[in-house]
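File shown here: data_18.pdb, holding PDB, C-alpha atoms.
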```pdb
ATOM      1  CA  MET A   8      57.967 113.498 122.821
ATOM      2  CA  LYS A   9      61.628 114.439 122.576
ATOM      3  CA  ALA A  10      63.530 113.309 119.505
ATOM      4  CA  ARG A  11      66.335 110.944 120.546
ATOM      5  CA  ILE A  12      69.450 111.914 118.570
ATOM      6  CA  GLY A  13      72.722 109.981 118.683
ATOM      7  CA  VAL A  14      76.063 111.735 118.190
ATOM      8  CA  ILE A  15      78.945 109.441 117.223
ATOM      9  CA  THR A  16      82.405 109.938 118.725
ATOM     10  CA  PHE A  17      85.329 108.557 116.700
ATOM     11  CA  PRO A  18      88.945 108.755 117.862
ATOM     12  CA  GLY A  19      89.772 112.312 116.775
ATOM     13  CA  SER A  20      86.226 113.734 116.742
ATOM     14  CA  CYS A  21      86.206 117.197 118.327
ATOM     15  CA  ASP A  22      82.755 118.667 117.660
ATOM     16  CA  ASP A  23      80.772 115.849 119.251
ATOM     17  CA  ARG A  24      80.279 117.789 122.519
ATOM     18  CA  ASP A  25      78.932 120.858 120.709
ATOM     19  CA  ALA A  26      76.590 118.638 118.678
ATOM     20  CA  LEU A  27      75.267 117.002 121.875
ATOM     21  CA  HIS A  28      74.787 120.451 123.433
ATOM     22  CA  ALA A  29      73.060 121.848 120.333
ATOM     23  CA  VAL A  30      70.564 118.955 120.260
ATOM     24  CA  GLU A  31      69.654 119.535 123.930
ATOM     25  CA  HIS A  32      69.582 123.334 123.390
ATOM     26  CA  LEU A  33      66.943 122.832 120.662
ATOM     27  CA  GLY A  34      64.816 120.500 122.772
ATOM     28  CA  GLY A  35      66.036 117.073 121.666
ATOM     29  CA  GLU A  36      67.420 114.229 123.748
ATOM     30  CA  ALA A  37      71.135 113.875 122.972
ATOM     31  CA  VAL A  38      72.777 110.449 123.242
ATOM     32  CA  ALA A  39      76.527 109.878 123.014
ATOM     33  CA  LEU A  40      77.421 106.979 120.708
ATOM     34  CA  TRP A  41      80.883 105.385 120.424
ATOM     35  CA  HIS A  42      82.639 104.342 117.207
ATOM     36  CA  ALA A  43      82.921 100.746 118.457
ATOM     37  CA  ASP A  44      79.192 100.467 119.251
ATOM     38  CA  ALA A  45      77.274  97.822 117.342
ATOM     39  CA  ASP A  46      73.930  99.652 117.446
ATOM     40  CA  LEU A  47      72.439 103.147 117.704
ATOM     41  CA  ASP A  48      70.920 102.750 121.187
ATOM     42  CA  GLY A  49      67.366 103.277 119.961
ATOM     43  CA  CYS A  50      68.066 106.679 118.425
ATOM     44  CA  ALA A  51      65.650 108.100 115.842
ATOM     45  CA  GLY A  52      68.283 110.374 114.276
ATOM     46  CA  VAL A  53      72.080 110.410 114.017
ATOM     47  CA  ILE A  54      74.748 113.105 113.774
ATOM     48  CA  VAL A  55      78.179 112.192 112.417
ATOM     49  CA  PRO A  56      80.118 115.142 113.863
ATOM     50  CA  GLY A  57      83.147 117.176 112.874
ATOM     51  CA  GLY A  58      86.748 116.648 113.814
ATOM     52  CA  PHE A  59      89.672 114.666 112.488
ATOM     53  CA  SER A  60      88.616 111.041 112.873
ATOM     54  CA  TYR A  61      91.604 108.680 112.796
ATOM     55  CA  GLY A  62      93.870 111.683 112.243
ATOM     56  CA  ASP A  63      92.506 112.161 108.701
ATOM     57  CA  TYR A  64      94.899 109.346 107.753
ATOM     58  CA  LEU A  65      94.703 108.183 104.116
ATOM     59  CA  ARG A  66      91.931 110.679 103.224
ATOM     60  CA  ALA A  67      89.581 112.620 105.488
ATOM     61  CA  GLY A  68      86.833 110.201 106.573
ATOM     62  CA  ALA A  69      88.342 107.221 104.750
ATOM     63  CA  ILE A  70      89.112 105.144 107.857
ATOM     64  CA  ALA A  71      86.075 106.110 109.965
ATOM     65  CA  ARG A  72      83.730 104.556 107.408
ATOM     66  CA  PHE A  73      84.991 101.131 108.529
ATOM     67  CA  ALA A  74      84.190 101.714 112.241
ATOM     68  CA  PRO A  75      81.714  99.144 113.646
ATOM     69  CA  VAL A  76      79.050 101.785 114.363
ATOM     70  CA  MET A  77      78.996 102.691 110.658
ATOM     71  CA  ARG A  78      77.395  99.302 109.856
ATOM     72  CA  ALA A  79      74.501 100.367 112.101
ATOM     73  CA  VAL A  80      74.405 103.836 110.497
ATOM     74  CA  GLU A  81      74.264 102.296 107.001
ATOM     75  CA  ALA A  82      71.373 100.021 107.997
ATOM     76  CA  PHE A  83      69.582 102.925 109.731
ATOM     77  CA  ALA A  84      69.974 105.156 106.648
ATOM     78  CA  ALA A  85      68.778 102.360 104.344
ATOM     79  CA  ALA A  86      65.637 102.099 106.498
ATOM     80  CA  GLY A  87      64.935 105.815 105.995
ATOM     81  CA  GLY A  88      66.431 107.077 109.263
ATOM     82  CA  PRO A  89      67.693 110.686 109.200
ATOM     83  CA  VAL A  90      71.485 111.084 109.294
ATOM     84  CA  LEU A  91      73.295 114.440 109.358
ATOM     85  CA  GLY A  92      77.029 114.595 108.611
ATOM     86  CA  ILE A  93      78.850 117.762 109.617
ATOM     87  CA  CYS A  94      82.317 118.631 108.270
ATOM     88  CA  ASN A  95      84.371 115.477 108.971
ATOM     89  CA  GLY A  96      81.015 113.687 109.278
ATOM     90  CA  PHE A  97      80.192 114.840 105.720
ATOM     91  CA  GLN A  98      83.555 113.461 104.570
ATOM     92  CA  VAL A  99      82.827 110.145 106.320
ATOM     93  CA  LEU A 100      79.373 109.821 104.703
ATOM     94  CA  CYS A 101      80.811 110.572 101.237
ATOM     95  CA  GLU A 102      83.604 108.027 101.698
ATOM     96  CA  ALA A 103      81.004 105.506 102.912
ATOM     97  CA  GLY A 104      78.983 106.042  99.740
ATOM     98  CA  LEU A 105      75.942 107.288 101.689
ATOM     99  CA  LEU A 106      76.287 110.703 100.012
ATOM    100  CA  PRO A 107      77.474 111.564  96.489
ATOM    101  CA  GLY A 108      80.866 113.080  95.729
ATOM    102  CA  VAL A 109      84.003 113.590  97.762
ATOM    103  CA  LEU A 110      85.606 116.414  99.780
ATOM    104  CA  ARG A 111      88.951 117.548  98.342
ATOM    105  CA  PRO A 112      91.577 119.833  99.854
ATOM    106  CA  ASN A 113      90.640 123.534  99.643
ATOM    107  CA  HIS A 114      91.773 124.917  96.287
ATOM    108  CA  HIS A 115      93.910 127.636  97.936
ATOM    109  CA  GLY A 116      95.723 125.122 100.148
ATOM    110  CA  ARG A 117      94.849 126.947 103.380
ATOM    111  CA  PHE A 118      92.684 126.094 106.383
ATOM    112  CA  VAL A 119      89.600 128.318 106.341
ATOM    113  CA  CYS A 120      87.843 129.412 109.548
ATOM    114  CA  ARG A 121      85.098 132.046 109.291
ATOM    115  CA  ASP A 122      81.361 132.621 109.105
ATOM    116  CA  VAL A 123      79.872 131.974 105.662
ATOM    117  CA  ASP A 124      76.486 132.750 104.116
ATOM    118  CA  LEU A 125      74.602 129.784 102.699
ATOM    119  CA  VAL A 126      71.780 130.109 100.178
ATOM    120  CA  VAL A 127      68.869 127.699 100.601
ATOM    121  CA  GLN A 128      68.085 125.682  97.447
ATOM    122  CA  ALA A 129      64.686 124.221  96.621
ATOM    123  CA  ALA A 130      65.867 120.774  97.641
ATOM    124  CA  GLY A 131      66.812 121.973 101.104
ATOM    125  CA  SER A 132      63.289 122.487 102.392
ATOM    126  CA  HIS A 133      63.127 118.860 103.513
ATOM    127  CA  TRP A 134      65.904 119.499 106.037
ATOM    128  CA  LEU A 135      65.358 123.223 106.542
ATOM    129  CA  GLY A 136      61.890 123.403 108.017
ATOM    130  CA  GLY A 137      60.276 124.758 104.855
ATOM    131  CA  LEU A 138      62.614 127.750 104.424
ATOM    132  CA  GLU A 139      62.065 129.418 101.063
ATOM    133  CA  PRO A 140      64.689 128.960  98.329
ATOM    134  CA  GLY A 141      66.976 131.997  98.393
ATOM    135  CA  ALA A 142      66.865 132.369 102.189
ATOM    136  CA  VAL A 143      70.346 132.885 103.660
ATOM    137  CA  LEU A 144      71.800 131.106 106.689
ATOM    138  CA  ARG A 145      75.014 132.288 108.383
ATOM    139  CA  ILE A 146      77.056 129.398 109.800
ATOM    140  CA  PRO A 147      80.808 129.067 110.494
ATOM    141  CA  VAL A 148      83.150 126.839 108.491
ATOM    142  CA  LYS A 149      86.516 125.509 109.721
ATOM    143  CA  HIS A 150      88.209 123.019 107.449
ATOM    144  CA  HIS A 151      91.136 122.214 105.176
ATOM    145  CA  ASP A 152      89.463 119.577 102.970
ATOM    146  CA  GLY A 153      86.082 121.121 102.204
ATOM    147  CA  ALA A 154      85.883 121.416  98.431
ATOM    148  CA  TRP A 155      82.983 119.221  97.350
ATOM    149  CA  TYR A 156      83.638 117.525  94.029
ATOM    150  CA  ALA A 157      82.049 114.952  91.758
ATOM    151  CA  PRO A 158      82.868 114.066  88.158
ATOM    152  CA  PRO A 159      80.740 116.132  85.695
ATOM    153  CA  ALA A 160      78.171 113.404  84.945
ATOM    154  CA  GLU A 161      77.686 112.699  88.665
ATOM    155  CA  GLN A 162      77.331 116.407  89.479
ATOM    156  CA  GLU A 163      74.685 116.790  86.745
ATOM    157  CA  ARG A 164      72.810 113.822  88.161
ATOM    158  CA  VAL A 165      72.924 115.253  91.699
ATOM    159  CA  GLU A 166      71.731 118.667  90.489
ATOM    160  CA  ALA A 167      68.939 117.173  88.365
ATOM    161  CA  ALA A 168      67.748 114.986  91.245
ATOM    162  CA  GLY A 169      67.435 118.046  93.494
ATOM    163  CA  GLN A 170      70.051 116.862  95.980
ATOM    164  CA  VAL A 171      71.826 120.203  96.426
ATOM    165  CA  ALA A 172      70.412 121.740  99.609
ATOM    166  CA  LEU A 173      72.731 124.721 100.216
ATOM    167  CA  ARG A 174      75.240 126.723  98.172
ATOM    168  CA  TYR A 175      77.894 129.152  99.376
ATOM    169  CA  ALA A 176      77.114 132.811  98.633
ATOM    170  CA  ASP A 177      80.903 133.373  98.567
ATOM    171  CA  ASN A 178      82.721 130.083  97.941
ATOM    172  CA  PRO A 179      85.413 129.655 100.651
ATOM    173  CA  ASN A 180      87.100 126.445  99.416
ATOM    174  CA  GLY A 181      86.703 125.895  95.666
ATOM    175  CA  ALA A 182      83.699 123.583  95.972
ATOM    176  CA  LEU A 183      82.215 122.637  92.602
ATOM    177  CA  ALA A 184      79.239 124.882  91.704
ATOM    178  CA  ASP A 185      79.472 126.496  95.193
ATOM    179  CA  ILE A 186      77.921 123.333  96.652
ATOM    180  CA  ALA A 187      77.982 123.350 100.474
ATOM    181  CA  CYS A 188      75.358 120.744 101.367
ATOM    182  CA  VAL A 189      73.971 117.703  99.570
ATOM    183  CA  THR A 190      71.477 114.968 100.413
ATOM    184  CA  ASN A 191      71.188 111.395  99.190
ATOM    185  CA  ALA A 192      68.608 110.515  96.535
ATOM    186  CA  SER A 193      65.883 109.680  99.057
ATOM    187  CA  GLY A 194      66.589 112.801 101.101
ATOM    188  CA  ASN A 195      67.111 111.240 104.543
ATOM    189  CA  VAL A 196      70.899 111.595 104.603
ATOM    190  CA  CYS A 197      72.377 115.100 104.542
ATOM    191  CA  GLY A 198      75.929 116.411 104.757
ATOM    192  CA  LEU A 199      77.566 119.824 104.849
ATOM    193  CA  MET A 200      80.951 121.382 105.596
ATOM    194  CA  PRO A 201      79.658 124.350 107.709
ATOM    195  CA  HIS A 202      78.961 123.688 111.392
ATOM    196  CA  PRO A 203      75.286 124.184 112.355
ATOM    197  CA  GLU A 204      76.054 122.899 115.882
ATOM    198  CA  HIS A 205      78.271 125.975 116.435
ATOM    199  CA  ALA A 206      75.466 128.323 115.385
ATOM    200  CA  VAL A 207      72.470 127.744 117.650
ATOM    201  CA  ASP A 208      73.023 130.108 120.603
ATOM    202  CA  GLU A 209      72.719 133.884 120.223
ATOM    203  CA  ALA A 210      75.214 134.384 123.052
ATOM    204  CA  LEU A 211      77.917 132.813 120.888
ATOM    205  CA  GLY A 212      77.305 134.326 117.442
ATOM    206  CA  PRO A 213      75.130 133.628 114.419
ATOM    207  CA  VAL A 214      72.243 131.149 114.762
ATOM    208  CA  GLY A 215      71.988 129.963 111.155
ATOM    209  CA  GLY A 216      72.493 126.399 112.281
ATOM    210  CA  ARG A 217      69.111 126.136 113.980
ATOM    211  CA  PRO A 218      66.942 125.265 110.933
ATOM    212  CA  LEU A 219      69.144 122.299 109.956
ATOM    213  CA  LEU A 220      69.207 120.820 113.438
ATOM    214  CA  GLN A 221      65.505 121.517 113.932
ATOM    215  CA  GLY A 222      65.028 119.775 110.579
ATOM    216  CA  LEU A 223      66.902 116.757 111.918
ATOM    217  CA  LEU A 224      64.745 116.733 115.090
ATOM    218  CA  ALA A 225      61.547 116.916 112.988
ATOM    219  CA  LEU A 226      62.701 114.133 110.649
ATOM    220  CA  ALA A 227      63.674 111.988 113.656
ATOM    221  CA  ARG A 228      60.217 112.440 115.236
ATOM    222  CA  ALA A 229      58.584 111.524 111.898
ATOM    223  CA  HIS A 230      60.868 108.468 111.533
ATOM    224  CA  LYS A 231      60.029 107.333 115.052
ATOM    225  CA  ARG A 232      56.290 107.689 114.377
ATOM    226  CA  ALA A 233      56.637 105.761 111.111
ATOM    227  CA  LYS A 234      58.453 102.950 112.928
ATOM    228  CA  VAL A 235      55.756 102.814 115.620
ATOM    229  CA  VAL A 236      53.043 102.613 112.951
ATOM    230  CA  ILE A 237      54.871  99.799 111.137
ATOM    231  CA  ALA A 238      55.394  97.907 114.408
TER     232      ALA A 238
ATOM    233  CA  MET B  30     103.783  94.864  96.391
ATOM    234  CA  THR B  31     103.515  98.569  95.813
ATOM    235  CA  VAL B  32     100.341 100.557  95.190
ATOM    236  CA  LEU B  33     100.893 104.006  93.674
ATOM    237  CA  VAL B  34      97.983 106.437  94.018
ATOM    238  CA  ARG B  35      97.890 109.655  91.992
ATOM    239  CA  PRO B  36      95.409 112.511  91.594
ATOM    240  CA  LYS B  37      93.551 111.995  88.310
ATOM    241  CA  GLU B  38      94.415 114.198  85.372
ATOM    242  CA  GLY B  39      92.535 117.483  85.512
ATOM    243  CA  ILE B  40      91.927 117.230  89.267
ATOM    244  CA  LEU B  41      93.338 120.241  91.110
ATOM    245  CA  ASP B  42      96.210 119.218  93.419
ATOM    246  CA  PRO B  43      96.917 122.052  95.906
ATOM    247  CA  GLN B  44      99.643 120.007  97.644
ATOM    248  CA  GLY B  45     101.487 119.390  94.390
ATOM    249  CA  GLU B  46     101.174 123.071  93.467
ATOM    250  CA  ALA B  47     102.625 124.160  96.844
ATOM    251  CA  ILE B  48     105.541 121.764  96.319
ATOM    252  CA  ARG B  49     106.061 123.103  92.784
ATOM    253  CA  GLN B  50     106.242 126.656  94.153
ATOM    254  CA  ALA B  51     108.811 125.570  96.754
ATOM    255  CA  LEU B  52     110.912 123.895  94.040
ATOM    256  CA  SER B  53     110.678 127.015  91.870
ATOM    257  CA  THR B  54     111.816 129.132  94.816
ATOM    258  CA  LEU B  55     114.912 126.930  95.041
ATOM    259  CA  GLY B  56     115.578 127.461  91.350
ATOM    260  CA  TYR B  57     114.413 124.089  90.001
ATOM    261  CA  PRO B  58     112.710 124.392  86.590
ATOM    262  CA  ALA B  59     109.609 122.437  87.688
ATOM    263  CA  SER B  60     106.586 123.435  85.614
ATOM    264  CA  SER B  61     104.257 120.921  87.293
ATOM    265  CA  VAL B  62     104.240 118.697  90.379
ATOM    266  CA  ARG B  63     101.544 116.124  91.136
ATOM    267  CA  ALA B  64     101.672 114.670  94.650
ATOM    268  CA  GLY B  65     100.400 111.149  95.248
ATOM    269  CA  ARG B  66     100.966 108.346  97.726
ATOM    270  CA  LEU B  67     102.909 105.131  97.765
ATOM    271  CA  PHE B  68     101.810 102.078  99.778
ATOM    272  CA  ASP B  69     104.211  99.186 100.323
ATOM    273  CA  LEU B  70     102.210  96.072 101.181
ATOM    274  CA  GLU B  71     103.598  92.762 102.314
ATOM    275  CA  LEU B  72     101.044  90.105 101.402
ATOM    276  CA  ASP B  73     101.032  86.476 102.514
ATOM    277  CA  VAL B  74     100.330  85.420  98.927
ATOM    278  CA  THR B  75     102.614  83.372  96.674
ATOM    279  CA  ASP B  76     100.796  83.673  93.333
ATOM    280  CA  PRO B  77     101.643  87.028  91.635
ATOM    281  CA  ALA B  78      98.274  87.131  89.844
ATOM    282  CA  GLU B  79      96.467  86.655  93.170
ATOM    283  CA  ALA B  80      98.658  89.362  94.728
ATOM    284  CA  GLU B  81      97.707  91.770  91.962
ATOM    285  CA  ARG B  82      94.014  90.942  92.372
ATOM    286  CA  VAL B  83      94.211  91.598  96.133
ATOM    287  CA  GLY B  84      96.133  94.838  95.549
ATOM    288  CA  ARG B  85      93.581  96.131  93.043
ATOM    289  CA  GLU B  86      90.662  95.252  95.301
ATOM    290  CA  ALA B  87      92.328  97.013  98.257
ATOM    291  CA  ALA B  88      93.002 100.071  96.084
ATOM    292  CA  ASP B  89      89.405 100.181  94.821
ATOM    293  CA  ARG B  90      87.905  99.774  98.288
ATOM    294  CA  VAL B  91      90.276 101.715 100.520
ATOM    295  CA  LEU B  92      93.593 103.050  99.232
ATOM    296  CA  ALA B  93      92.232 105.265  96.457
ATOM    297  CA  ASN B  94      89.019 107.233  95.958
ATOM    298  CA  GLY B  95      88.075 106.509  92.363
ATOM    299  CA  LEU B  96      86.283 109.847  91.939
ATOM    300  CA  ILE B  97      89.554 111.784  92.142
ATOM    301  CA  GLU B  98      92.428 109.299  92.195
ATOM    302  CA  GLY B  99      93.891 106.637  89.915
ATOM    303  CA  TYR B 100      96.319 103.897  90.945
ATOM    304  CA  GLU B 101      98.921 101.442  89.730
ATOM    305  CA  VAL B 102      99.750  98.095  91.314
ATOM    306  CA  VAL B 103     103.329  96.818  91.029
ATOM    307  CA  VAL B 104     103.956  93.245  92.184
ATOM    308  CA  GLU B 105     107.520  92.386  93.131
ATOM    309  CA  GLU B 106     107.626  88.687  92.403
ATOM    310  CA  ASP B 107     110.901  87.848  94.090
ATOM    311  CA  ALA B 108     109.933  89.386  97.427
ATOM    312  CA  ALA B 109     108.904  85.989  98.862
ATOM    313  CA  GLU B 110     112.071  84.274  97.627
ATOM    314  CA  GLU B 111     114.184  86.942  99.280
ATOM    315  CA  LEU B 112     112.273  86.331 102.480
ATOM    316  CA  VAL B 113     112.987  82.594 102.316
ATOM    317  CA  ALA B 114     116.665  83.245 101.558
ATOM    318  CA  GLU B 115     116.959  85.383 104.685
TER     319      GLU B 115
END
```

In structure tokens, write the structure found in this file.
Amino acid sequence: MKARIGVITFPGSCDDRDALHAVEHLGGEAVALWHADADLDGCAGVIVPGGFSYGDYLRAGAIARFAPVMRAVEAFAAAGGPVLGICNGFQVLCEAGLLPGVLRPNHHGRFVCRDVDLVVQAAGSHWLGGLEPGAVLRIPVKHHDGAWYAPPAEQERVEAAGQVALRYADNPNGALADIACVTNASGNVCGLMPHPEHAVDEALGPVGGRPLLQGLLALARAHKRAKVVIA
Amino acid sequence: MTVLVRPKEGILDPQGEAIRQALSTLGYPASSVRAGRLFDLELDVTDPAEAERVGREAADRVLANGLIEGYEVVVEEDAAEELVAE
């Protein structure tokens, strides 16, 4: 059975097409969702994609969190459904309070666009198909507001709870403790600044994005099975 | 009413630092610049205390991110009277 994965398009999203393609490329069923939708069209997993939703007005992701579809995403996440936020999607999920912390402007004040190496942390295995801690994934980043930050007590809590899934080998944006990817406390919501959907096809460059998206497909299949059992 | 949002103390502000460098280039003796935002809100509220409550709630929920930003709410009490006078 194919995992049915929804990809949300907000006004200003620009990586939604690549996310849809990546899901299909890896054997999932990709479904386009619209910011004004009231439900998730029966999807068993959701991607909140990259881009510049609502022009990054106010703060990156700050307006998108109020889109109608986000009510459905919040309910889906609360029910254990897997949600992956990529770049602007990560910013949206942090602003919505579904993930800890916030994404601040890069410390050097410049847009950064290059491949980065990401080191798998113990907590990442949930989303990373059982990759060993220390494994390295190469995935591109392209952002201006990518420095993950949380106040010291919150960062300690996130670290202690095992919610840091990936760290930068060479920090490109000033993120606190080289943190590139975090999950929520229950592990079903995950966000990162690098773009796994741009790194799935060998013809186009590195393929370090595959484990994360395969992780999403696996979690979506498990969530669907769980729902069927409950029903 | 006006809501002033500022980066919290100790939070790195790359925008403010870029502005400081530009000011220094022009010869201004600016040792620090912190860049925030100013929101002018016109509220259909007559009670100043209620206006302040609404402004603070809006700042907490939307206008500022409490992890990195602080805010001030300034209620201009005579704004409504001016409106009536016009």

Selection dump of the PyMOL selection byres ((chain A and resi 61) around 9), as a ChimeraX atom specification: /A:17-20,59-60,62-64,67-71

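Residues of chain A lying within 9 Å of chain B, counting all atoms listed in the file, are Leu65, Arg66, Ala69, Ile70, Glu102, Gly108, Val109, Arg111, Pro112, Asn113, His114, His115, Gly116, Tyr156, Ala157 and Pro158 of chain A.
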
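Of note, CA of Ala43 in chain A and CA of Met77 in chain A are spaced 8.9 Å apart.
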
Determine, counting only C-alpha atoms, which protein, DNA and RNA residues have an atom within 10 Å of an atom of Ala59 in chain B; residues of the same chain fewer than 4 positions away are not included. Present the result as an NGL selection string. :B and (48-53)

Got a sec: who's within 6 Å of Val196 in chain A, counting all atoms listed in the file, leaving out chain neighbours fewer than 5 positions off, as a VMD selection string? chain A and resid 89 to 90 190 to 191

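Residue neighbourhood of Val76 in chain A, excluding near-sequence residues (fewer than 5 positions): Trp41, His42, Ala43, Asp44, Ala45, Asp46 and Leu47 of chain A, at 8 Å, using all atoms listed in the file.
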
Return as number ranges by chain the set of residues that the PyMOL selection byres ((chain B and resi 83) around 12) yields on the displayed structure. B: 30-32, 70-82, 84-92, 102-104

For CA of Ile93 in chain A and CA of Pro75 in chain A, quote the distance in Å rounded to one decimal. 19.3 Å

Looking at only C-alpha atoms, which of B:Asp69, B:Glu106, B:Leu55, B:Ala64 is the one that sits closest to Arg35 in chain B? B:Ala64

Tell me which residues the PyMOL selection byres ((chain A and resi 48) around 12) grabs here, as a PyMOL selection string. chain A and resi 11-15+37-41+44-47+49-53+76+79-80+83

For each of A:Ala154, A:Leu183, A:Cys188, A:Ala130, take the minimum atom-to-atom distance to Gly169 in chain A, counting all atoms listed in the file, then give the residue where this is smallest. A:Ala130

Which value, in Å to one decimal, gives the distance between CA of Arg24 in chain A and CA of Arg145 in chain A?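 About the pair CA of Arg24 in chain A and CA of Arg145 in chain A: they are 20.9 Å apart.
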